[in-house]
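Novice: Here you go, my_file_16.cif (mmCIF, C-alpha atoms):
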```
data_structure
loop_
_atom_site.label_atom_id
_atom_site.label_comp_id
_atom_site.auth_asym_id
_atom_site.auth_seq_id
_atom_site.Cartn_x
_atom_site.Cartn_y
_atom_site.Cartn_z
CA MET W 1 -5.44 25.45 -0.44
CA ILE W 2 -8.32 23.98 1.60
CA ASP W 3 -9.24 20.39 0.70
CA ILE W 4 -12.67 20.54 2.32
CA VAL W 5 -14.75 22.54 4.82
CA ILE W 6 -16.75 20.32 7.18
CA GLU W 7 -19.81 21.75 8.90
CA ALA W 8 -20.57 20.27 12.33
CA ARG W 9 -23.90 18.42 12.58
CA GLN W 10 -26.00 18.01 15.69
CA ALA W 11 -26.07 14.59 17.34
CA ALA W 12 -27.28 13.17 20.66
CA ILE W 13 -25.01 11.01 22.81
CA SER W 14 -27.38 10.57 25.76
CA GLU W 15 -30.93 11.46 26.73
CA SER W 16 -30.10 15.14 27.31
CA MET W 17 -26.58 15.68 25.92
CA LYS W 18 -26.42 17.17 22.44
CA VAL W 19 -23.11 17.59 20.63
CA LYS W 20 -21.62 19.05 17.48
CA ARG W 21 -20.34 16.13 15.40
CA ILE W 22 -17.45 16.92 13.08
CA LEU W 23 -15.96 13.54 12.15
CA PRO W 24 -16.66 11.16 10.53
CA PHE W 25 -18.02 13.11 7.57
CA ARG W 26 -19.45 11.50 4.47
CA MET W 27 -16.85 13.10 2.18
CA ARG W 28 -13.95 13.04 4.63
CA ARG W 29 -13.97 10.21 7.12
CA MET W 30 -10.51 10.79 8.65
CA VAL W 31 -7.83 13.44 9.12
CA GLY W 32 -4.58 11.58 9.68
CA PRO W 33 -5.49 8.86 12.21
CA PHE W 34 -8.38 10.91 13.69
CA ILE W 35 -11.66 9.21 12.76
CA PHE W 36 -14.16 10.85 15.13
CA MET W 37 -14.65 14.24 16.77
CA ASP W 38 -17.46 15.54 18.99
CA HIS W 39 -17.76 18.94 20.67
CA ALA W 40 -20.09 18.91 23.69
CA GLY W 41 -21.29 22.08 25.39
CA PRO W 42 -21.09 24.57 26.77
CA VAL W 43 -24.11 23.06 28.54
CA THR W 44 -26.28 26.07 29.39
CA ASN W 45 -29.59 24.28 30.00
CA VAL W 46 -29.01 21.75 32.75
CA PRO W 47 -31.90 19.26 32.93
CA ALA W 48 -33.78 18.75 36.19
CA THR W 49 -32.53 15.16 36.18
CA VAL W 50 -28.79 15.65 35.82
CA SER W 51 -28.21 11.93 35.24
CA SER W 52 -29.97 12.25 31.87
CA LEU W 53 -26.71 13.82 30.62
CA ASP W 54 -24.75 10.67 31.49
CA VAL W 55 -23.30 8.44 28.80
CA LEU W 56 -24.01 4.89 29.99
CA PRO W 57 -21.48 2.05 29.70
CA HIS W 58 -20.78 1.20 26.07
CA PRO W 59 -18.04 -0.68 24.16
CA HIS W 60 -15.15 0.18 21.83
CA ILE W 61 -12.62 -1.71 19.73
CA GLY W 62 -9.75 -0.68 17.46
CA LEU W 63 -9.29 2.90 18.61
CA SER W 64 -8.12 5.27 21.31
CA THR W 65 -10.54 7.82 22.78
CA VAL W 66 -9.05 11.18 23.73
CA SER W 67 -11.12 13.30 26.14
CA TYR W 68 -10.20 16.95 26.70
CA LEU W 69 -12.24 19.43 28.75
CA PHE W 70 -12.45 23.20 28.44
CA GLY W 71 -14.59 23.38 31.59
CA GLY W 72 -16.55 21.33 34.12
CA GLN W 73 -15.69 17.74 34.96
CA VAL W 74 -16.74 14.20 34.09
CA THR W 75 -16.21 10.87 35.83
CA HIS W 76 -14.79 8.10 33.67
CA ARG W 77 -15.24 4.44 34.68
CA ASP W 78 -14.10 1.52 32.55
CA SER W 79 -13.98 -2.26 32.43
CA LEU W 80 -10.35 -2.22 33.62
CA GLY W 81 -11.64 -0.93 36.96
CA VAL W 82 -10.30 2.59 36.37
CA GLU W 83 -12.26 5.45 37.92
CA GLN W 84 -10.95 8.89 36.97
CA ILE W 85 -12.41 12.37 37.41
CA ILE W 86 -11.48 14.26 34.24
CA ARG W 87 -10.76 17.96 34.71
CA PRO W 88 -10.00 20.83 32.31
CA GLY W 89 -6.60 20.81 30.62
CA GLU W 90 -5.95 17.10 31.22
CA VAL W 91 -5.52 14.48 28.52
CA ASN W 92 -7.40 11.23 29.10
CA TRP W 93 -6.25 8.58 26.64
CA MET W 94 -8.12 5.29 26.62
CA THR W 95 -6.96 2.63 24.17
CA ALA W 96 -9.68 0.09 23.42
CA GLY W 97 -7.58 -2.36 21.41
CA ARG W 98 -9.34 -5.74 21.43
CA GLY W 99 -12.22 -4.37 23.53
CA ILE W 100 -13.15 -2.15 26.45
CA SER W 101 -16.31 -0.59 27.87
CA HIS W 102 -16.66 2.67 29.77
CA SER W 103 -19.11 5.27 31.01
CA GLU W 104 -19.05 9.04 31.42
CA ARG W 105 -21.03 10.47 34.30
CA PHE W 106 -21.70 14.10 35.20
CA GLU W 107 -22.00 13.71 38.95
CA ASP W 108 -21.02 17.12 40.34
CA PRO W 109 -23.82 19.71 39.94
CA ALA W 110 -21.34 22.50 40.73
CA ALA W 111 -19.34 21.54 37.63
CA LEU W 112 -22.43 22.18 35.49
CA ALA W 113 -23.28 25.61 36.92
CA GLY W 114 -23.00 28.65 34.68
CA GLY W 115 -22.50 26.68 31.47
CA GLN W 116 -19.08 25.46 32.58
CA LEU W 117 -19.25 22.00 31.05
CA GLU W 118 -17.58 21.88 27.65
CA MET W 119 -15.46 19.12 26.18
CA ILE W 120 -13.98 17.70 23.01
CA GLN W 121 -13.67 14.02 22.34
CA THR W 122 -11.75 12.50 19.47
CA TRP W 123 -11.10 8.93 18.44
CA VAL W 124 -7.72 7.95 17.03
CA ALA W 125 -7.73 4.82 14.87
CA LEU W 126 -5.02 2.30 15.70
CA PRO W 127 -2.45 0.89 13.27
CA GLU W 128 -3.35 -2.65 12.21
CA LYS W 129 -0.63 -4.13 14.42
CA ASP W 130 -2.20 -2.51 17.50
CA GLU W 131 -5.90 -3.12 16.80
CA GLU W 132 -5.94 -6.18 19.07
CA ALA W 133 -3.69 -4.75 21.78
CA LEU W 134 -4.61 -5.01 25.44
CA PRO W 135 -6.89 -2.13 26.52
CA SER W 136 -5.43 0.64 28.69
CA PHE W 137 -6.19 4.05 30.20
CA ARG W 138 -3.84 6.94 31.03
CA ASN W 139 -4.54 10.33 32.59
CA TYR W 140 -2.03 13.10 31.85
CA THR W 141 -2.12 16.23 34.02
CA PRO W 142 -1.64 19.76 32.63
CA ASP W 143 1.93 20.00 33.97
CA GLN W 144 2.86 17.10 31.63
CA LEU W 145 1.65 19.03 28.57
CA PRO W 146 3.91 21.78 27.20
CA ILE W 147 2.46 25.27 26.67
CA PHE W 148 3.84 27.78 24.18
CA THR W 149 3.01 31.48 24.22
CA GLU W 150 3.94 34.49 22.15
CA LYS W 151 2.17 37.75 21.35
CA ASP W 152 -1.58 37.04 21.06
CA VAL W 153 -1.04 33.25 20.83
CA TRP W 154 -1.41 30.53 23.50
CA MET W 155 -1.26 26.83 22.75
CA ARG W 156 -1.05 23.51 24.59
CA LEU W 157 0.24 20.34 22.94
CA ILE W 158 -2.28 17.62 23.78
CA ALA W 159 -0.44 14.80 22.00
CA GLY W 160 2.12 14.06 19.31
CA ASN W 161 4.58 16.61 17.98
CA ALA W 162 4.22 20.00 16.32
CA TYR W 163 6.08 23.33 16.18
CA GLY W 164 9.09 21.62 17.78
CA LEU W 165 7.02 20.63 20.84
CA SER W 166 6.56 17.08 22.13
CA ASN W 167 5.31 15.46 25.34
CA SER W 168 5.03 12.11 27.10
CA VAL W 169 1.52 11.23 25.90
CA ASN W 170 1.83 7.75 24.41
CA THR W 171 0.52 7.51 20.83
CA ASN W 172 0.52 4.59 18.39
CA SER W 173 1.22 6.49 15.18
CA PRO W 174 2.61 9.89 14.05
CA LEU W 175 0.08 12.62 14.85
CA PHE W 176 -0.43 16.04 16.41
CA TYR W 177 -3.24 17.50 18.52
CA LEU W 178 -3.25 21.04 19.96
CA HIS W 179 -5.50 23.45 21.86
CA VAL W 180 -4.86 26.97 20.55
CA VAL W 181 -6.24 30.31 21.76
CA LEU W 182 -5.79 33.39 19.57
CA GLN W 183 -6.44 37.02 20.43
CA PRO W 184 -7.96 39.38 17.81
CA GLY W 185 -5.47 40.13 15.06
CA ALA W 186 -3.18 37.20 15.89
CA ARG W 187 -1.45 35.61 12.90
CA PHE W 188 -0.77 31.92 13.00
CA GLY W 189 0.33 29.08 10.71
CA LEU W 190 -0.17 25.31 10.60
CA PRO W 191 2.56 22.87 11.63
CA LYS W 192 4.37 21.41 8.63
CA GLU W 193 5.54 18.06 10.01
CA HIS W 194 2.50 15.97 9.01
CA GLU W 195 0.77 14.72 5.87
CA GLU W 196 -2.82 15.66 6.80
CA ARG W 197 -3.86 18.66 8.90
CA GLY W 198 -7.15 20.07 10.13
CA ILE W 199 -8.41 23.07 12.10
CA TYR W 200 -11.61 22.86 14.11
CA ILE W 201 -13.00 26.26 15.17
CA ALA W 202 -14.45 25.70 18.63
CA LYS W 203 -15.07 29.41 19.24
CA GLY W 204 -14.63 32.66 17.33
CA ARG W 205 -13.75 33.40 13.71
CA ILE W 206 -10.64 33.23 11.54
CA GLU W 207 -9.74 34.55 8.11
CA ILE W 208 -7.73 32.61 5.51
CA ALA W 209 -6.98 34.07 2.07
CA GLY W 210 -9.70 36.69 2.49
CA VAL W 211 -12.44 34.21 3.48
CA THR W 212 -13.88 34.13 7.02
CA TYR W 213 -14.70 30.86 8.78
CA GLY W 214 -16.50 30.45 12.08
CA GLU W 215 -17.52 28.29 15.00
CA GLY W 216 -18.43 24.70 14.21
CA GLN W 217 -16.39 24.43 11.01
CA MET W 218 -13.41 22.18 10.35
CA LEU W 219 -10.96 23.12 7.61
CA VAL W 220 -8.81 20.31 6.19
CA PHE W 221 -5.55 21.02 4.35
CA ASN W 222 -3.10 18.93 2.34
CA LYS W 223 0.62 18.79 3.08
CA THR W 224 1.60 21.50 0.59
CA ALA W 225 -0.77 24.17 1.95
CA ASP W 226 0.78 26.90 4.08
CA PRO W 227 -2.18 29.09 5.12
CA LEU W 228 -1.91 32.31 7.10
CA ILE W 229 -4.57 32.19 9.82
CA ILE W 230 -5.77 35.57 11.12
CA ALA W 231 -8.01 35.74 14.19
CA LYS W 232 -10.98 38.09 13.69
CA GLU W 233 -11.97 37.94 17.39
CA PRO W 234 -11.01 35.89 20.48
CA THR W 235 -10.80 32.40 18.98
CA THR W 236 -10.28 28.84 20.22
CA LEU W 237 -8.99 26.25 17.76
CA MET W 238 -8.29 22.54 17.93
CA LEU W 239 -5.54 21.54 15.49
CA LEU W 240 -5.15 17.87 14.61
CA GLY W 241 -3.84 15.49 12.01
CA GLY W 242 -0.97 13.18 11.22
CA GLU W 243 -0.07 10.35 8.89
CA PRO W 244 -2.94 8.40 7.28
CA LEU W 245 -3.38 4.77 8.34
CA GLY W 246 -5.35 3.46 5.38
CA GLU W 247 -9.02 2.50 5.12
CA ARG W 248 -10.97 2.03 8.32
CA PHE W 249 -14.55 0.87 8.85
CA ILE W 250 -16.65 2.45 11.59
CA TRP W 251 -19.98 1.24 12.95
CA TRP W 252 -21.43 2.65 16.18
CA ASN W 253 -18.47 2.67 18.61
CA PHE W 254 -16.37 0.15 16.71
CA VAL W 255 -13.44 0.89 14.38
CA SER W 256 -11.42 -1.69 12.45
CA SER W 257 -9.47 -2.28 9.27
CA ARG W 258 -11.62 -5.43 8.80
CA LYS W 259 -15.40 -5.56 8.36
CA GLU W 260 -15.60 -9.02 9.88
CA ARG W 261 -13.96 -7.75 13.08
CA ILE W 262 -16.78 -5.25 13.53
CA GLU W 263 -19.31 -8.04 13.10
CA GLN W 264 -17.50 -9.99 15.83
CA ALA W 265 -17.55 -6.94 18.13
CA LYS W 266 -21.32 -6.61 17.70
CA GLU W 267 -21.80 -10.20 18.79
CA ASP W 268 -19.28 -9.82 21.64
CA TRP W 269 -21.29 -6.91 23.09
CA LYS W 270 -24.61 -8.72 22.68
CA GLN W 271 -23.25 -11.82 24.40
CA GLY W 272 -21.55 -9.95 27.25
CA ARG W 273 -18.02 -10.87 26.22
CA ILE W 274 -16.95 -7.22 26.62
CA ILE W 275 -17.49 -6.79 30.34
CA LEU W 276 -19.02 -3.74 32.00
CA PRO W 277 -17.10 -1.42 34.35
CA PRO W 278 -17.10 -3.23 37.71
CA ASN W 279 -18.08 -0.02 39.52
CA ASP W 280 -20.76 0.98 36.96
CA ASN W 281 -22.42 -2.24 35.82
CA HIS W 282 -26.14 -1.78 36.52
CA GLU W 283 -27.07 -0.35 33.12
CA PHE W 284 -25.58 -0.07 29.64
CA ILE W 285 -26.28 1.02 26.07
CA PRO W 286 -27.58 -1.94 24.03
CA LEU W 287 -26.36 -2.64 20.54
CA PRO W 288 -28.35 -0.44 18.11
CA GLU W 289 -30.54 -2.05 15.52
CA ASP W 290 -28.28 -2.69 12.54
CA LYS W 291 -29.74 -0.80 9.59
CA SER W 292 -26.44 -0.16 7.83
CA LYS W 293 -23.34 -1.99 6.68
CA PRO W 294 -20.09 -1.52 8.61
CA ALA W 295 -18.69 0.56 5.75
CA GLY W 296 -21.59 3.01 5.95
CA ASP W 297 -22.21 5.91 8.29
CA PRO W 298 -22.48 4.84 11.94
CA PRO W 299 -25.94 4.78 13.53
CA LYS W 300 -24.90 7.36 16.19
CA PRO W 301 -21.88 6.66 18.30
CA GLY W 302 -23.25 6.18 21.79
CA LEU W 303 -20.98 8.52 23.42
CA LEU W 304 -18.79 11.36 24.18
CA SER W 305 -16.69 8.41 23.78
#
```
Once you've parsed the file, please lay out its structure as structure tokens.

Specialist:
Amino acid sequence: MIDIVIEARQAAISESMKVKRILPFRMRRMVGPFIFMDHAGPVTNVPATVSSLDVLPHPHIGLSTVSYLFGGQVTHRDSLGVEQIIRPGEVNWMTAGRGISHSERFEDPAALAGGQLEMIQTWVALPEKDEEALPSFRNYTPDQLPIFTEKDVWMRLIAGNAYGLSNSVNTNSPLFYLHVVLQPGARFGLPKEHEERGIYIAKGRIEIAGVTYGEGQMLVFNKTADPLIIAKEPTTLMLLGGEPLGERFIWWNFVSSRKERIEQAKEDWKQGRIILPPNDNHEFIPLPEDKSKPAGDPPKPGLLS
């Protein structure tokens, strides 16, 4: 029934920001078009120097980043000149295409108080025809995202289509992405519209076929599986998946269907051909020392993005 259970690993995306890294995983690099997933927070130990949490300007190619907050706020700035404060319940969809750089700054101390800051970031690989598209950024507010409720179940469609729901979030390939909250005893099933499907347990515990799974685990299912999900306690899930795109290579913050394109992106960043955000251009993350091939595990994506 379950193809694989992925255990989140700890990673660092800035001097003081630690995350749970779910994708890519050595034995399962993608779920549908989703090739990367980080869960940051809740941040309970705020450093004396708040700026040490910041993710400095860094580049991307060949993917879309999707930022979604449970709490707190973050300021996004990119090389298109966009400056956007990201708040809980919004979808922030940045398509890198041929190349973009951006930063994520935690500039409001009040948004860090009481362990409020908590966010999920995923990367969605682009179809080959869109890998060299012009970069773009869109912010979608909560009123643009449909919510469904029934007894003991609440869910928001972040992107794509599932359970008969759809929204205006622009995607490049068939996928689904949902934020789901279950009360104890709730019974829930996976959407059946897509080839590959995964459940990330952000909080709480669920039972499937008599086995209990908990926080920090991702369960990946094939198309024929029809699991009954039972919440053992108040539980928050992120459901995602879609149609597979084929092989993708990932190195640092670069994704491509072609190894040579990643090599070009490395040189582009070193030579300054991917420009910095005009309103955040005084520092940046340098290209890591290359100790691996593009097809291998990435050194450590420099980001929440």

Novice: Determine the residue set returned by the PyMOL selection byres ((chain W and resi 142-152) around 7) for the present structure, and present it as a PyMOL selection string.

Specialist: chain W and resi 89-90+140-141+153-158+167+182-183+186

Novice: Store the residues of this selection in a file with C-alpha atoms, as a PDB file, in the coordinates of the input.

Specialist:
```
ATOM      1  CA  GLY W  89      -6.600  20.810  30.620  1.00  0.00           C
ATOM      2  CA  GLU W  90      -5.950  17.100  31.220  1.00  0.00           C
ATOM      3  CA  TYR W 140      -2.030  13.100  31.850  1.00  0.00           C
ATOM      4  CA  THR W 141      -2.120  16.230  34.020  1.00  0.00           C
ATOM      5  CA  VAL W 153      -1.040  33.250  20.830  1.00  0.00           C
ATOM      6  CA  TRP W 154      -1.410  30.530  23.500  1.00  0.00           C
ATOM      7  CA  MET W 155      -1.260  26.830  22.750  1.00  0.00           C
ATOM      8  CA  ARG W 156      -1.050  23.510  24.590  1.00  0.00           C
ATOM      9  CA  LEU W 157       0.240  20.340  22.940  1.00  0.00           C
ATOM     10  CA  ILE W 158      -2.280  17.620  23.780  1.00  0.00           C
ATOM     11  CA  ASN W 167       5.310  15.460  25.340  1.00  0.00           C
ATOM     12  CA  LEU W 182      -5.790  33.390  19.570  1.00  0.00           C
ATOM     13  CA  GLN W 183      -6.440  37.020  20.430  1.00  0.00           C
ATOM     14  CA  ALA W 186      -3.180  37.200  15.890  1.00  0.00           C
TER      15      ALA W 186
END
```

Novice: Would you please work out which residue, of W:Asn253, W:Gln271, W:Gln116, W:Ser79, is nearest to Pro42 (chain W) when using all atoms listed in the file?

Specialist: W:Gln116

Novice: Of the candidates W:Arg21, W:Ile208, W:Glu215, W:Thr95, which one gets nearest to Asn170 (chain W) if we count all atoms listed in the file?

Specialist: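 Result for the nearest residue to Asn170 (chain W): W:Thr95.
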
Novice: Would you pick out the contacts of Met238 (chain W) at 8 Å or less, using all atoms listed in the file, so that residues sharing its chain but fewer than 3 positions from it are not included, and give the list as an mmCIF file with C-alpha atoms, keeping the file's coordinate frame?

Specialist:
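That gives us out.cif:
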```cif
data_model
loop_
_atom_site.group_PDB
_atom_site.id
_atom_site.type_symbol
_atom_site.label_atom_id
_atom_site.label_comp_id
_atom_site.auth_asym_id
_atom_site.auth_seq_id
_atom_site.Cartn_x
_atom_site.Cartn_y
_atom_site.Cartn_z
ATOM 1 C CA TYR W 177 -3.240 17.500 18.520
ATOM 2 C CA LEU W 178 -3.250 21.040 19.960
ATOM 3 C CA HIS W 179 -5.500 23.450 21.860
ATOM 4 C CA VAL W 180 -4.860 26.970 20.550
ATOM 5 C CA ILE W 199 -8.410 23.070 12.100
ATOM 6 C CA TYR W 200 -11.610 22.860 14.110
ATOM 7 C CA ILE W 201 -13.000 26.260 15.170
ATOM 8 C CA ALA W 202 -14.450 25.700 18.630
#
```

Novice: With distances taken over all atoms listed in the file, which residue among W:Ala113, W:Leu245, W:Ala162, W:Met119 lies nearest Ser257 (chain W)?

Specialist: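 Closest residue, counting all atoms listed in the file: W:Leu245.
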
Novice: Using all atoms listed in the file, find the one residue out of W:Asn281, W:Thr49, W:Thr224, W:Asn139 that sits nearest to Ser168 (chain W).

Specialist: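 Among W:Asn281, W:Thr49, W:Thr224, W:Asn139, it is W:Asn139 that comes nearest to Ser168 (chain W).
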
Novice: Interatomic distance between CA of Val124 (chain W) and CA of Ile35 (chain W)?

Specialist: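 Separation of CA of Val124 (chain W) and CA of Ile35 (chain W): 5.9 Å.
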
Novice: Find the distance between CA of Lys259 (chain W) and CA of Glu243 (chain W) and write it in Å to one decimal.

Specialist: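 Separation of CA of Lys259 (chain W) and CA of Glu243 (chain W): 22.1 Å.
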
Novice: If I take CA of Met1 (chain W) and CA of Pro244 (chain W), how far is one from the other in Å, to one decimal?

Specialist: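 These atoms are spaced 18.9 Å apart.
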
Novice: Given the choices W:Ser64, W:Glu104, W:Asn92, W:Arg29, which gets closest to Ser52 (chain W) if the distance is worked out from only C-alpha atoms?

Specialist: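 Going through W:Ser64, W:Glu104, W:Asn92, W:Arg29 one by one, the smallest distance to Ser52 (chain W) is for W:Glu104.
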
Novice: Output requested as a PDB file, in the frame of the given file - region 5-19 of chain W, filled out with N, CA and C atoms.

Specialist:
```
ATOM      1  N   VAL W   5     -14.207  21.896   3.616  1.00  0.00           N
ATOM      2  CA  VAL W   5     -14.750  22.540   4.820  1.00  0.00           C
ATOM      3  C   VAL W   5     -15.877  21.646   5.327  1.00  0.00           C
ATOM      4  N   ILE W   6     -15.749  21.196   6.567  1.00  0.00           N
ATOM      5  CA  ILE W   6     -16.750  20.320   7.180  1.00  0.00           C
ATOM      6  C   ILE W   6     -17.592  21.136   8.153  1.00  0.00           C
ATOM      7  N   GLU W   7     -18.891  21.071   7.995  1.00  0.00           N
ATOM      8  CA  GLU W   7     -19.810  21.750   8.900  1.00  0.00           C
ATOM      9  C   GLU W   7     -20.271  20.766   9.971  1.00  0.00           C
ATOM     10  N   ALA W   8     -20.138  21.138  11.236  1.00  0.00           N
ATOM     11  CA  ALA W   8     -20.570  20.270  12.330  1.00  0.00           C
ATOM     12  C   ALA W   8     -22.074  20.017  12.235  1.00  0.00           C
ATOM     13  N   ARG W   9     -22.476  18.784  12.539  1.00  0.00           N
ATOM     14  CA  ARG W   9     -23.900  18.420  12.580  1.00  0.00           C
ATOM     15  C   ARG W   9     -24.290  18.133  14.009  1.00  0.00           C
ATOM     16  N   GLN W  10     -25.563  18.304  14.340  1.00  0.00           N
ATOM     17  CA  GLN W  10     -26.000  18.010  15.690  1.00  0.00           C
ATOM     18  C   GLN W  10     -26.253  16.519  15.856  1.00  0.00           C
ATOM     19  N   ALA W  11     -25.831  15.989  17.004  1.00  0.00           N
ATOM     20  CA  ALA W  11     -26.070  14.590  17.340  1.00  0.00           C
ATOM     21  C   ALA W  11     -26.376  14.510  18.819  1.00  0.00           C
ATOM     22  N   ALA W  12     -26.975  13.404  19.241  1.00  0.00           N
ATOM     23  CA  ALA W  12     -27.280  13.170  20.660  1.00  0.00           C
ATOM     24  C   ALA W  12     -26.470  11.973  21.125  1.00  0.00           C
ATOM     25  N   ILE W  13     -25.813  12.119  22.292  1.00  0.00           N
ATOM     26  CA  ILE W  13     -25.010  11.010  22.810  1.00  0.00           C
ATOM     27  C   ILE W  13     -25.612  10.440  24.095  1.00  0.00           C
ATOM     28  N   SER W  14     -26.628  11.092  24.618  1.00  0.00           N
ATOM     29  CA  SER W  14     -27.380  10.570  25.760  1.00  0.00           C
ATOM     30  C   SER W  14     -28.748  11.224  25.726  1.00  0.00           C
ATOM     31  N   GLU W  15     -29.560  10.944  26.724  1.00  0.00           N
ATOM     32  CA  GLU W  15     -30.930  11.460  26.730  1.00  0.00           C
ATOM     33  C   GLU W  15     -30.979  12.970  26.610  1.00  0.00           C
ATOM     34  N   SER W  16     -30.051  13.677  27.290  1.00  0.00           N
ATOM     35  CA  SER W  16     -30.100  15.140  27.310  1.00  0.00           C
ATOM     36  C   SER W  16     -28.850  15.829  26.783  1.00  0.00           C
ATOM     37  N   MET W  17     -27.836  15.072  26.376  1.00  0.00           N
ATOM     38  CA  MET W  17     -26.580  15.680  25.920  1.00  0.00           C
ATOM     39  C   MET W  17     -26.541  15.727  24.402  1.00  0.00           C
ATOM     40  N   LYS W  18     -26.560  16.951  23.875  1.00  0.00           N
ATOM     41  CA  LYS W  18     -26.420  17.170  22.440  1.00  0.00           C
ATOM     42  C   LYS W  18     -24.990  17.628  22.157  1.00  0.00           C
ATOM     43  N   VAL W  19     -24.476  17.241  20.988  1.00  0.00           N
ATOM     44  CA  VAL W  19     -23.110  17.590  20.630  1.00  0.00           C
ATOM     45  C   VAL W  19     -23.064  18.088  19.190  1.00  0.00           C
TER      46      VAL W  19
END
```
